[in-house]
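Data file: coords29.tsv. Format and content: TSV, C-alpha atoms.
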chain	number	residue	atom	x	y	z
A	1	MET	CA	110.35	-73.06	-50.32
A	2	LEU	CA	107.98	-75.90	-51.08
A	3	ARG	CA	110.91	-78.24	-51.68
A	4	ILE	CA	112.45	-77.36	-48.30
A	5	LEU	CA	109.12	-77.99	-46.61
A	6	THR	CA	108.67	-81.33	-48.42
A	7	ASN	CA	112.17	-82.46	-47.46
A	8	PHE	CA	111.57	-81.46	-43.87
A	9	VAL	CA	108.31	-83.42	-43.66
A	10	LYS	CA	109.97	-86.38	-45.40
A	11	ARG	CA	112.87	-86.37	-42.93
A	12	ILE	CA	110.53	-86.22	-39.92
A	13	PHE	CA	108.41	-89.00	-41.41
A	14	LEU	CA	111.46	-91.19	-42.00
A	15	GLN	CA	112.77	-90.57	-38.50
A	16	LEU	CA	109.44	-91.57	-37.05
A	17	PHE	CA	108.62	-94.62	-39.08
A	18	GLU	CA	111.75	-96.01	-40.66
A	19	GLU	CA	113.04	-99.10	-38.87
A	20	LYS	CA	116.66	-98.68	-37.88
A	21	LYS	CA	118.74	-101.12	-39.83
A	22	GLN	CA	121.49	-101.64	-37.28
A	23	ILE	CA	121.15	-101.35	-33.55
A	24	LYS	CA	124.13	-99.81	-31.85
A	25	LEU	CA	124.84	-102.00	-28.84
A	26	GLY	CA	127.45	-100.48	-26.57
A	27	PHE	CA	129.59	-102.27	-24.01
A	28	TYR	CA	130.42	-100.05	-21.09
A	29	GLY	CA	131.91	-100.52	-17.66
A	30	PRO	CA	135.01	-100.11	-15.56
A	31	PRO	CA	138.35	-101.49	-16.82
A	32	ASN	CA	138.88	-105.27	-16.65
A	33	GLY	CA	135.19	-106.07	-16.33
A	34	GLY	CA	135.27	-108.21	-19.46
A	35	LYS	CA	133.74	-105.91	-22.09
A	36	THR	CA	136.08	-107.03	-24.87
A	37	THR	CA	135.87	-110.69	-23.84
A	38	LEU	CA	132.08	-110.51	-24.04
A	39	SER	CA	132.14	-108.60	-27.35
A	40	ASN	CA	134.58	-111.17	-28.71
A	41	ARG	CA	132.34	-114.01	-27.55
A	42	ILE	CA	129.34	-112.50	-29.38
A	43	CYS	CA	131.39	-111.80	-32.53
A	44	LYS	CA	132.78	-115.33	-32.50
A	45	ASP	CA	129.29	-116.78	-31.99
A	46	TRP	CA	127.79	-114.91	-34.95
A	47	LEU	CA	130.65	-113.78	-37.19
A	48	GLY	CA	133.43	-116.21	-36.39
A	49	GLU	CA	135.90	-113.38	-35.73
A	50	GLU	CA	136.94	-111.19	-32.82
A	51	ILE	CA	136.50	-107.45	-32.24
A	52	GLY	CA	139.62	-106.76	-30.16
A	53	THR	CA	142.27	-108.11	-27.84
A	54	ALA	CA	141.52	-108.83	-24.20
A	55	SER	CA	144.23	-108.72	-21.56
A	56	LYS	CA	144.74	-108.98	-17.82
A	57	ILE	CA	146.46	-105.59	-17.91
A	58	PRO	CA	143.87	-102.83	-17.40
A	59	HIS	CA	143.07	-100.46	-20.27
A	60	GLU	CA	143.87	-102.93	-23.04
A	61	THR	CA	141.06	-101.33	-25.08
A	62	ARG	CA	142.01	-97.68	-25.48
A	63	GLN	CA	139.95	-96.86	-28.54
A	64	VAL	CA	136.31	-97.43	-29.34
A	65	MET	CA	136.08	-100.61	-31.45
A	66	LEU	CA	133.20	-101.21	-33.84
A	67	LYS	CA	131.91	-104.34	-35.47
A	68	ASP	CA	129.15	-103.88	-38.02
A	69	SER	CA	126.51	-106.28	-39.25
A	70	VAL	CA	126.49	-108.69	-36.34
A	71	VAL	CA	123.26	-110.56	-36.97
A	72	ILE	CA	122.00	-112.30	-33.85
A	73	LYS	CA	119.25	-114.88	-34.15
A	74	HIS	CA	117.20	-115.86	-31.18
A	75	ARG	CA	114.01	-117.94	-31.04
A	76	GLY	CA	113.10	-117.26	-34.66
A	77	LYS	CA	113.86	-113.54	-34.41
A	78	GLU	CA	116.76	-111.83	-36.06
A	79	LEU	CA	118.37	-108.48	-35.30
A	80	ALA	CA	121.36	-106.73	-36.86
A	81	PHE	CA	123.72	-104.98	-34.48
A	82	THR	CA	126.72	-102.75	-34.59
A	83	LEU	CA	128.73	-103.76	-31.55
A	84	VAL	CA	130.58	-100.90	-29.89
A	85	ASP	CA	133.29	-102.02	-27.50
A	86	THR	CA	134.43	-99.04	-25.44
A	87	PRO	CA	137.51	-98.40	-23.27
A	88	GLY	CA	136.94	-98.94	-19.56
A	89	ILE	CA	135.79	-95.84	-17.72
A	90	ALA	CA	137.99	-94.88	-14.81
A	91	THR	CA	138.50	-91.83	-12.61
A	92	ARG	CA	142.22	-92.46	-12.11
A	93	ILE	CA	145.00	-93.59	-14.40
A	94	ASP	CA	148.55	-93.90	-13.16
A	95	TYR	CA	151.25	-95.27	-15.42
A	96	GLU	CA	152.93	-96.81	-12.38
A	97	GLU	CA	150.06	-99.29	-12.21
A	98	PHE	CA	151.22	-100.73	-15.52
A	99	LEU	CA	154.78	-101.10	-14.27
A	100	LYS	CA	153.50	-103.84	-11.96
A	101	TYR	CA	152.92	-105.89	-15.10
A	102	LYS	CA	156.62	-105.54	-15.96
A	103	MET	CA	155.91	-103.04	-18.70
A	104	PRO	CA	158.77	-100.69	-19.69
A	105	GLU	CA	158.30	-97.16	-18.32
A	106	GLN	CA	157.95	-95.44	-21.69
A	107	GLN	CA	155.36	-97.97	-22.82
A	108	ALA	CA	153.47	-97.59	-19.52
A	109	LYS	CA	153.40	-93.81	-19.88
A	110	ARG	CA	152.15	-94.08	-23.45
A	111	ARG	CA	149.50	-96.57	-22.38
A	112	ALA	CA	148.33	-94.24	-19.60
A	113	LYS	CA	148.08	-91.31	-22.00
A	114	GLU	CA	146.10	-93.35	-24.52
A	115	ALA	CA	143.88	-94.69	-21.74
A	116	THR	CA	142.89	-91.17	-20.62
A	117	LYS	CA	141.90	-90.33	-24.19
A	118	GLY	CA	139.99	-93.62	-24.36
A	119	VAL	CA	137.89	-92.71	-21.32
A	120	ILE	CA	136.96	-89.34	-22.86
A	121	GLU	CA	136.09	-91.04	-26.15
A	122	ALA	CA	133.94	-93.67	-24.42
A	123	ILE	CA	131.94	-90.97	-22.63
A	124	LYS	CA	131.44	-89.03	-25.88
A	125	TRP	CA	130.02	-92.16	-27.50
A	126	LEU	CA	127.27	-92.51	-24.87
A	127	ASP	CA	124.85	-90.40	-26.92
A	128	GLU	CA	125.28	-92.62	-29.97
A	129	MET	CA	124.02	-95.80	-28.34
A	130	ASP	CA	120.65	-97.44	-28.93
A	131	CYS	CA	121.12	-99.71	-25.95
A	132	VAL	CA	123.96	-100.53	-23.60
A	133	VAL	CA	125.32	-103.58	-21.84
A	134	VAL	CA	127.11	-102.55	-18.66
A	135	VAL	CA	129.70	-105.23	-17.97
A	136	LEU	CA	130.68	-105.60	-14.32
A	137	ASP	CA	133.13	-107.94	-12.69
A	138	ALA	CA	130.94	-109.98	-10.32
A	139	THR	CA	133.90	-110.58	-8.01
A	140	LYS	CA	134.21	-106.87	-7.27
A	141	ASN	CA	132.14	-104.40	-5.27
A	142	PRO	CA	129.33	-103.21	-7.57
A	143	TYR	CA	128.77	-99.99	-5.58
A	144	ASN	CA	131.63	-98.38	-7.47
A	145	GLN	CA	130.86	-94.77	-8.40
A	146	VAL	CA	131.90	-95.37	-12.02
A	147	ASN	CA	129.13	-97.97	-12.34
A	148	VAL	CA	126.61	-95.61	-10.75
A	149	THR	CA	127.71	-92.75	-13.03
A	150	ILE	CA	127.47	-94.81	-16.23
A	151	ILE	CA	124.05	-96.21	-15.35
A	152	GLY	CA	122.80	-92.81	-14.16
A	153	ASN	CA	123.85	-91.24	-17.45
A	154	LEU	CA	122.15	-93.92	-19.50
A	155	ALA	CA	118.97	-93.50	-17.48
A	156	ALA	CA	119.10	-89.72	-18.00
A	157	ARG	CA	119.40	-90.32	-21.76
A	158	ASN	CA	116.61	-92.93	-21.77
A	159	ILE	CA	118.92	-95.58	-23.20
A	160	PRO	CA	117.90	-99.14	-22.27
A	161	VAL	CA	120.42	-100.87	-20.02
A	162	LEU	CA	121.28	-104.49	-19.40
A	163	ILE	CA	123.71	-105.24	-16.59
A	164	VAL	CA	126.01	-108.21	-17.00
A	165	ALA	CA	127.58	-109.73	-13.90
A	166	ASN	CA	130.59	-111.26	-15.60
A	167	LYS	CA	133.09	-113.84	-14.30
A	168	ILE	CA	130.50	-115.95	-12.49
A	169	ASP	CA	132.79	-118.91	-13.04
A	170	LEU	CA	135.04	-117.51	-10.31
A	171	LYS	CA	134.52	-118.51	-6.68
A	172	LYS	CA	134.46	-114.92	-5.41
A	173	ALA	CA	131.67	-113.94	-7.80
A	174	ASN	CA	128.59	-112.57	-6.07
A	175	MET	CA	125.74	-112.04	-8.49
A	176	LYS	CA	123.25	-111.34	-5.72
A	177	LYS	CA	125.29	-108.30	-4.67
A	178	VAL	CA	125.15	-106.93	-8.23
A	179	GLU	CA	121.38	-107.49	-8.33
A	180	ASN	CA	120.96	-105.76	-4.96
A	181	ALA	CA	123.05	-102.79	-6.09
A	182	PHE	CA	120.86	-102.16	-9.14
A	183	PRO	CA	117.40	-103.49	-8.26
A	184	GLN	CA	115.62	-101.54	-11.00
A	185	TYR	CA	117.69	-103.14	-13.79
A	186	GLU	CA	117.80	-106.55	-15.39
A	187	VAL	CA	120.98	-108.41	-14.42
A	188	VAL	CA	122.38	-111.43	-16.25
A	189	GLY	CA	125.17	-113.50	-14.75
A	190	LEU	CA	127.57	-115.10	-17.20
A	191	SER	CA	131.13	-116.04	-17.92
A	192	ALA	CA	132.23	-114.39	-21.14
A	193	LEU	CA	135.48	-116.34	-21.01
A	194	GLU	CA	133.78	-119.73	-20.78
A	195	GLY	CA	130.73	-118.71	-22.77
A	196	SER	CA	128.31	-119.86	-20.09
A	197	ASN	CA	124.76	-118.53	-19.87
A	198	MET	CA	124.97	-116.79	-23.25
A	199	GLU	CA	121.46	-117.93	-24.22
A	200	GLU	CA	119.97	-116.03	-21.29
A	201	PHE	CA	122.11	-113.03	-22.26
A	202	TYR	CA	120.76	-112.99	-25.85
A	203	GLU	CA	117.24	-113.39	-24.51
A	204	SER	CA	117.73	-110.34	-22.26
A	205	VAL	CA	119.29	-108.30	-25.09
A	206	PHE	CA	116.26	-108.96	-27.29
A	207	ARG	CA	113.99	-108.02	-24.38
A	208	ILE	CA	115.68	-104.69	-23.64
A	209	ILE	CA	115.78	-103.77	-27.35
A	210	LYS	CA	111.98	-103.63	-27.21
A	211	LYS	CA	112.22	-100.88	-24.58
A	212	ARG	CA	113.74	-98.46	-27.07
B	1	MET	CA	148.19	-84.09	7.00
B	2	LEU	CA	144.84	-84.78	5.45
B	3	THR	CA	142.61	-81.80	4.62
B	4	LEU	CA	138.89	-82.23	4.23
B	5	GLN	CA	137.06	-79.28	2.71
B	6	PHE	CA	133.32	-79.03	3.15
B	7	VAL	CA	131.44	-77.58	0.18
B	8	PRO	CA	127.87	-76.65	1.14
B	9	TYR	CA	125.21	-76.78	-1.55
B	10	SER	CA	124.83	-72.99	-1.33
B	11	GLU	CA	128.37	-72.64	-2.70
B	12	ILE	CA	127.61	-74.49	-5.91
B	13	GLU	CA	123.91	-73.88	-6.47
B	14	ARG	CA	124.41	-70.76	-8.57
B	15	LEU	CA	127.21	-72.23	-10.64
B	16	ASP	CA	126.57	-73.89	-13.99
B	17	SER	CA	127.88	-77.41	-14.66
B	18	THR	CA	131.24	-76.19	-15.95
B	19	GLY	CA	131.66	-73.95	-12.92
B	20	ARG	CA	130.83	-76.75	-10.50
B	21	ILE	CA	133.29	-79.13	-12.13
B	22	LYS	CA	135.99	-76.46	-12.21
B	23	LYS	CA	135.48	-75.61	-8.54
B	24	LEU	CA	135.50	-79.21	-7.31
B	25	LEU	CA	138.45	-80.25	-9.45
B	26	GLY	CA	140.31	-77.13	-8.33
B	27	ILE	CA	139.97	-78.09	-4.66
B	28	VAL	CA	140.98	-81.70	-5.36
B	29	ARG	CA	144.04	-80.57	-7.28
B	30	GLU	CA	145.11	-78.67	-4.16
B	31	GLU	CA	145.43	-82.12	-2.55
B	32	LYS	CA	142.28	-81.69	-0.47
B	33	ILE	CA	139.37	-84.06	-0.01
B	34	VAL	CA	136.01	-82.54	-0.89
B	35	LEU	CA	132.97	-83.27	1.22
B	36	MET	CA	130.13	-81.85	-0.80
B	37	GLN	CA	126.54	-81.47	0.31
B	38	GLY	CA	124.27	-83.04	-2.29
B	39	ARG	CA	125.40	-84.63	-5.49
B	40	LEU	CA	126.23	-83.79	-9.06
B	41	LYS	CA	123.88	-84.52	-11.95
B	42	PRO	CA	124.81	-87.64	-13.97
B	43	GLU	CA	126.08	-85.52	-16.88
B	44	GLU	CA	128.13	-83.42	-14.44
B	45	GLU	CA	129.70	-86.59	-13.08
B	46	THR	CA	130.78	-87.67	-16.58
B	47	GLY	CA	131.91	-84.10	-17.20
B	48	LEU	CA	134.05	-84.32	-14.06
B	49	ILE	CA	135.56	-87.60	-15.27
B	50	GLN	CA	136.29	-86.09	-18.69
B	51	LYS	CA	137.96	-83.01	-17.19
B	52	THR	CA	139.90	-85.25	-14.81
B	53	MET	CA	141.18	-87.36	-17.70
B	54	GLU	CA	142.22	-84.22	-19.56
B	55	ALA	CA	144.25	-83.19	-16.51
B	56	VAL	CA	145.87	-86.59	-15.87
B	57	GLY	CA	149.52	-86.62	-16.79
B	58	LYS	CA	149.88	-82.87	-16.29
B	59	SER	CA	152.27	-82.48	-13.33
B	60	SER	CA	151.81	-85.43	-10.97
B	61	PHE	CA	148.03	-85.54	-11.09
B	62	THR	CA	146.78	-89.10	-11.56
B	63	GLY	CA	143.05	-88.61	-11.18
B	64	ILE	CA	140.36	-88.67	-8.53
B	65	GLU	CA	138.36	-91.00	-6.37
B	66	ILE	CA	134.69	-90.15	-6.07
B	67	CYS	CA	131.79	-91.56	-4.15
B	68	THR	CA	128.24	-90.45	-3.53
B	69	ILE	CA	125.89	-91.61	-0.90
B	70	TYR	CA	122.27	-90.85	-1.51
B	71	PRO	CA	119.16	-91.88	0.40
B	72	GLU	CA	117.24	-94.37	-1.71
B	73	GLU	CA	113.51	-93.97	-2.02
B	74	VAL	CA	112.25	-97.20	-0.55
B	75	ASN	CA	108.52	-97.76	-0.95
B	76	ALA	CA	107.92	-94.09	-1.71
B	77	ASP	CA	104.38	-93.56	-2.96
B	78	LEU	CA	103.45	-91.21	-5.78
B	79	PHE	CA	102.65	-88.35	-3.41
B	80	GLY	CA	105.94	-88.82	-1.60
B	81	ARG	CA	107.89	-88.76	-4.85
B	82	LEU	CA	106.02	-85.70	-6.11
B	83	LYS	CA	106.70	-83.92	-2.84
B	84	LYS	CA	110.38	-84.73	-3.12
B	85	GLU	CA	110.55	-83.54	-6.73
B	86	PHE	CA	108.78	-80.32	-5.72
B	87	TYR	CA	111.30	-79.62	-2.94
B	88	LYS	CA	114.14	-80.49	-5.30
B	89	ALA	CA	112.88	-77.97	-7.85
B	90	LEU	CA	112.41	-75.38	-5.13
B	91	ILE	CA	115.63	-75.65	-3.12
B	92	GLY	CA	117.86	-77.90	-5.27
B	93	ASP	CA	119.04	-81.45	-4.78
B	94	ARG	CA	120.71	-81.12	-1.38
B	95	GLU	CA	120.24	-84.70	-0.33
B	96	GLY	CA	123.17	-87.02	0.01
B	97	ILE	CA	126.87	-86.39	0.28
B	98	THR	CA	129.64	-86.56	-2.30
B	99	ILE	CA	133.26	-87.27	-1.47
B	100	ILE	CA	135.95	-86.48	-4.02
B	101	GLY	CA	139.62	-86.95	-3.30
B	102	PRO	CA	142.85	-86.84	-5.29
B	103	ALA	CA	144.06	-90.29	-6.37
B	104	SER	CA	147.50	-89.41	-5.00
B	105	LEU	CA	146.03	-89.33	-1.47
B	106	VAL	CA	143.00	-91.57	-1.67
B	107	LYS	CA	143.70	-95.19	-2.50
B	108	GLU	CA	140.10	-96.28	-2.57
B	109	ILE	CA	136.65	-95.18	-1.52
B	110	ARG	CA	134.59	-98.21	-0.71
B	111	LYS	CA	130.84	-97.83	-0.63
B	112	ASP	CA	128.66	-100.45	0.88
B	113	PRO	CA	125.12	-99.14	0.55
B	114	ASN	CA	124.91	-96.95	3.64
B	115	LYS	CA	128.53	-96.34	4.56
B	116	ILE	CA	131.63	-95.02	2.90
B	117	GLN	CA	135.13	-96.17	3.76
B	118	LEU	CA	137.97	-94.01	2.59
B	119	PHE	CA	141.40	-95.61	2.39
B	120	THR	CA	144.46	-93.47	1.97
B	121	HIS	CA	147.89	-94.28	0.59
B	122	THR	CA	150.90	-95.38	2.63
B	123	PRO	CA	152.42	-91.95	3.58
B	124	VAL	CA	149.38	-91.02	5.67
B	125	ARG	CA	149.47	-94.44	7.28
B	126	ARG	CA	152.58	-93.42	9.23
B	127	THR	CA	150.40	-91.48	11.66
B	128	SER	CA	147.27	-93.56	11.47
B	129	PRO	CA	147.08	-97.09	10.09
B	130	LYS	CA	143.89	-96.47	8.17
B	131	THR	CA	141.95	-93.28	7.62
B	132	LYS	CA	138.35	-94.03	7.47
B	133	VAL	CA	135.41	-91.72	6.94
B	134	ILE	CA	132.09	-93.32	7.55
B	135	ALA	CA	129.07	-91.43	6.39
B	136	SER	CA	125.69	-92.83	7.06
B	137	LYS	CA	122.52	-90.96	6.15
B	138	ASN	CA	122.58	-88.47	9.04
B	139	LYS	CA	125.82	-89.18	10.80
B	140	LYS	CA	129.46	-88.65	9.92
B	141	LYS	CA	132.23	-90.34	11.77
B	142	LYS	CA	135.93	-89.75	11.34
B	143	ARG	CA	138.63	-92.00	12.62
Show the structure stored in the file as structure tokens.
Amino acid sequence: MLRILTNFVKRIFLQLFEEKKQIKLGFYGPPNGGKTTLSNRICKDWLGEEIGTASKIPHETRQVMLKDSVVIKHRGKELAFTLVDTPGIATRIDYEEFLKYKMPEQQAKRRAKEATKGVIEAIKWLDEMDCVVVVLDATKNPYNQVNVTIIGNLAARNIPVLIVANKIDLKKANMKKVENAFPQYEVVGLSALEGSNMEEFYESVFRIIKKR
Amino acid sequence: MLTLQFVPYSEIERLDSTGRIKKLLGIVREEKIVLMQGRLKPEEETGLIQKTMEAVGKSSFTGIEICTIYPEEVNADLFGRLKKEFYKALIGDREGITIIGPASLVKEIRKDPNKIQLFTHTPVRRTSPKTKVIASKNKKKKR
């Protein structure tokens, strides 16, 4: 009885005071926002290797991808992360969409099936995150319900959120619109493909980590 | 023909999350567009997406399009927010409107803060070039 009580107190004590060794940083957003490109950029910056394959065809990432022990250093501070690259969250998946990319029908159907499972998996992983980077395509309308749903869920779970307005290298990009859509959140504009504005991104990540 | 089914808050208020999702998805799978009073909770929205994904691929169902318009609290003071929370607890979150349509009918729902534009696929375009539902805080306009 005493041993059970001691273990219980010990576990509570550890949960309260033990510093988490690795921070789970999730990358969420709709398909083709640039989640994998950004995760790859970070991994290349700090590990010299990539986490997954990015593609112009939607739903390239259909499984949650993890990269452990990504140590990011910024202004004398150092934090260890587990990067979690998730499949894009969508409300519709039609294999015919993939046929437009000249994909064989069987392959397109398989991709669609895997993509639906990927969306479910991504949602299940929400609870595991310590903080989340929501990656949005700055050339697209930010008032998409998927964006609102993801951010609303993170807020309900008290998970700190950083919004990335990706693809700012493109002419159509409108960072102001992303900022206006989510005024209560910090928004960083960057180009994951070109690696521009990554310093400001790391700065913001370190800032939101403190909110945990 | 495009069918819009109105779901008043009273129809879903006694249902639990699973029941709400089941009801809404059931209507959508009958190829109808749901106009729901109020909105779902964030976890209900993800639940709806999960259930939708589980159903995709079964028969010809390819998913849904969803959009919610909700009055933002601009410059609401503490008393105003408390009052709102009190009403919400008392009568439920009836504010706003949620539109859910089957992906086979609805091509896109475009939200631009205070209006919603609903674009349908080509077959409906034979009778009208563009079906548009504009919902703005207190007014609804169908074209």
May I have a table of the residues of chain B lying at most 9 Å from chain A, giving each one's closest pair of atoms and their distance in Å to one decimal, counting all atoms listed in the file, ordered by chain and ascending residue number, as JSON lines?
{"residue": "B:Lys41", "atom": "CA", "partner": "A:Gly152", "partner_atom": "CA", "distance": 8.6}
{"residue": "B:Pro42", "atom": "CA", "partner": "A:Asn153", "partner_atom": "CA", "distance": 5.1}
{"residue": "B:Glu43", "atom": "CA", "partner": "A:Asn153", "partner_atom": "CA", "distance": 6.2}
{"residue": "B:Glu45", "atom": "CA", "partner": "A:Thr149", "partner_atom": "CA", "distance": 6.5}
{"residue": "B:Thr46", "atom": "CA", "partner": "A:Thr149", "partner_atom": "CA", "distance": 6.9}
{"residue": "B:Gly47", "atom": "CA", "partner": "A:Ile123", "partner_atom": "CA", "distance": 8.8}
{"residue": "B:Leu48", "atom": "CA", "partner": "A:Thr91", "partner_atom": "CA", "distance": 8.8}
{"residue": "B:Ile49", "atom": "CA", "partner": "A:Thr91", "partner_atom": "CA", "distance": 5.8}
{"residue": "B:Gln50", "atom": "CA", "partner": "A:Ile120", "partner_atom": "CA", "distance": 5.3}
{"residue": "B:Lys51", "atom": "CA", "partner": "A:Ile120", "partner_atom": "CA", "distance": 8.6}
{"residue": "B:Thr52", "atom": "CA", "partner": "A:Thr91", "partner_atom": "CA", "distance": 7.1}
{"residue": "B:Met53", "atom": "CA", "partner": "A:Thr116", "partner_atom": "CA", "distance": 5.1}
{"residue": "B:Glu54", "atom": "CA", "partner": "A:Thr116", "partner_atom": "CA", "distance": 7.1}
{"residue": "B:Val56", "atom": "CA", "partner": "A:Ile93", "partner_atom": "CA", "distance": 7.2}
{"residue": "B:Gly57", "atom": "CA", "partner": "A:Lys113", "partner_atom": "CA", "distance": 7.2}
{"residue": "B:Phe61", "atom": "CA", "partner": "A:Asp94", "partner_atom": "CA", "distance": 8.6}
{"residue": "B:Thr62", "atom": "CA", "partner": "A:Asp94", "partner_atom": "CA", "distance": 5.4}
{"residue": "B:Gly63", "atom": "CA", "partner": "A:Arg92", "partner_atom": "CA", "distance": 4.0}
{"residue": "B:Ile64", "atom": "CA", "partner": "A:Thr91", "partner_atom": "CA", "distance": 5.5}
{"residue": "B:Glu65", "atom": "CA", "partner": "A:Thr91", "partner_atom": "CA", "distance": 6.3}
{"residue": "B:Ile66", "atom": "CA", "partner": "A:Gln145", "partner_atom": "CA", "distance": 6.4}
{"residue": "B:Cys67", "atom": "CA", "partner": "A:Gln145", "partner_atom": "CA", "distance": 5.4}
{"residue": "B:Thr68", "atom": "CA", "partner": "A:Gln145", "partner_atom": "CA", "distance": 7.0}
{"residue": "B:Pro102", "atom": "CA", "partner": "A:Arg92", "partner_atom": "CA", "distance": 8.9}
{"residue": "B:Ala103", "atom": "CA", "partner": "A:Arg92", "partner_atom": "CA", "distance": 6.4}
{"residue": "B:Ile109", "atom": "CA", "partner": "A:Asn144", "partner_atom": "CA", "distance": 8.4}
{"residue": "B:Arg110", "atom": "CA", "partner": "A:Asn144", "partner_atom": "CA", "distance": 7.4}
{"residue": "B:Lys111", "atom": "CA", "partner": "A:Tyr143", "partner_atom": "CA", "distance": 5.8}
{"residue": "B:Asp112", "atom": "CA", "partner": "A:Tyr143", "partner_atom": "CA", "distance": 6.5}
{"residue": "B:Pro113", "atom": "CA", "partner": "A:Tyr143", "partner_atom": "CA", "distance": 7.2}
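Of note, CA of Lys44 in chain A and CA of Leu193 in chain A are spaced 11.8 Å apart.
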If you measure from CA of Val164 in chain A to CA of Val188 in chain A, what distance in Å do you get, rounded to one decimal?
4.9 Å
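Nearest residue to Ile209 in chain A, choosing from A:Asp169, A:Asp130, A:Glu105, A:Asp68 and counting only C-alpha atoms: A:Asp130.
Nearest residue to His59 in chain A, choosing from A:Gly76, A:Gly195, A:Pro87, A:Gly33 and counting all atoms listed in the file: A:Pro87.
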Env of Ser10 in chain B: 12 Å cut, atoms = all atoms listed in the file, seq-sep filter 3 positions within chain, self excluded. Answer as an MDAnalysis selection string.
chainID B and resid 6:7 13:15 20 36:38 91:94
For Glu30 in chain B, please output as JSON, numbers by chain all residues within 12 Å (counting all atoms listed in the file; exclusion window: fewer than 6 positions along the same chain).
{"B": [2, 3, 4, 5, 23, 24, 60, 61, 64, 101, 102, 103, 104, 105]}
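The gap separating CA of Pro30 in chain A from CA of Gly88 in chain A is 4.6 Å, in Å to one decimal.
Candidate residues A:Gly34, A:Asn197, A:Cys43, A:Pro183 were compared for distance to Lys56 in chain A, and the nearest is A:Gly34, using only C-alpha atoms.
The nearest approach to Leu99 in chain A among the residues A:Met129, A:Ile57, A:Gly189, A:Lys171, with only C-alpha atoms taken into account, belongs to A:Ile57.
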Show me, as lines of an AutoDock Vina configuration file, the centre and edge lengths in Å to one decimal of the axis-aligned box that covers every listed atom of range 87-97 of chain A with 4 Å on each side.
center_x = 144.4
center_y = -95.6
center_z = -17.7
size_x = 25.1
size_y = 15.5
size_z = 19.2
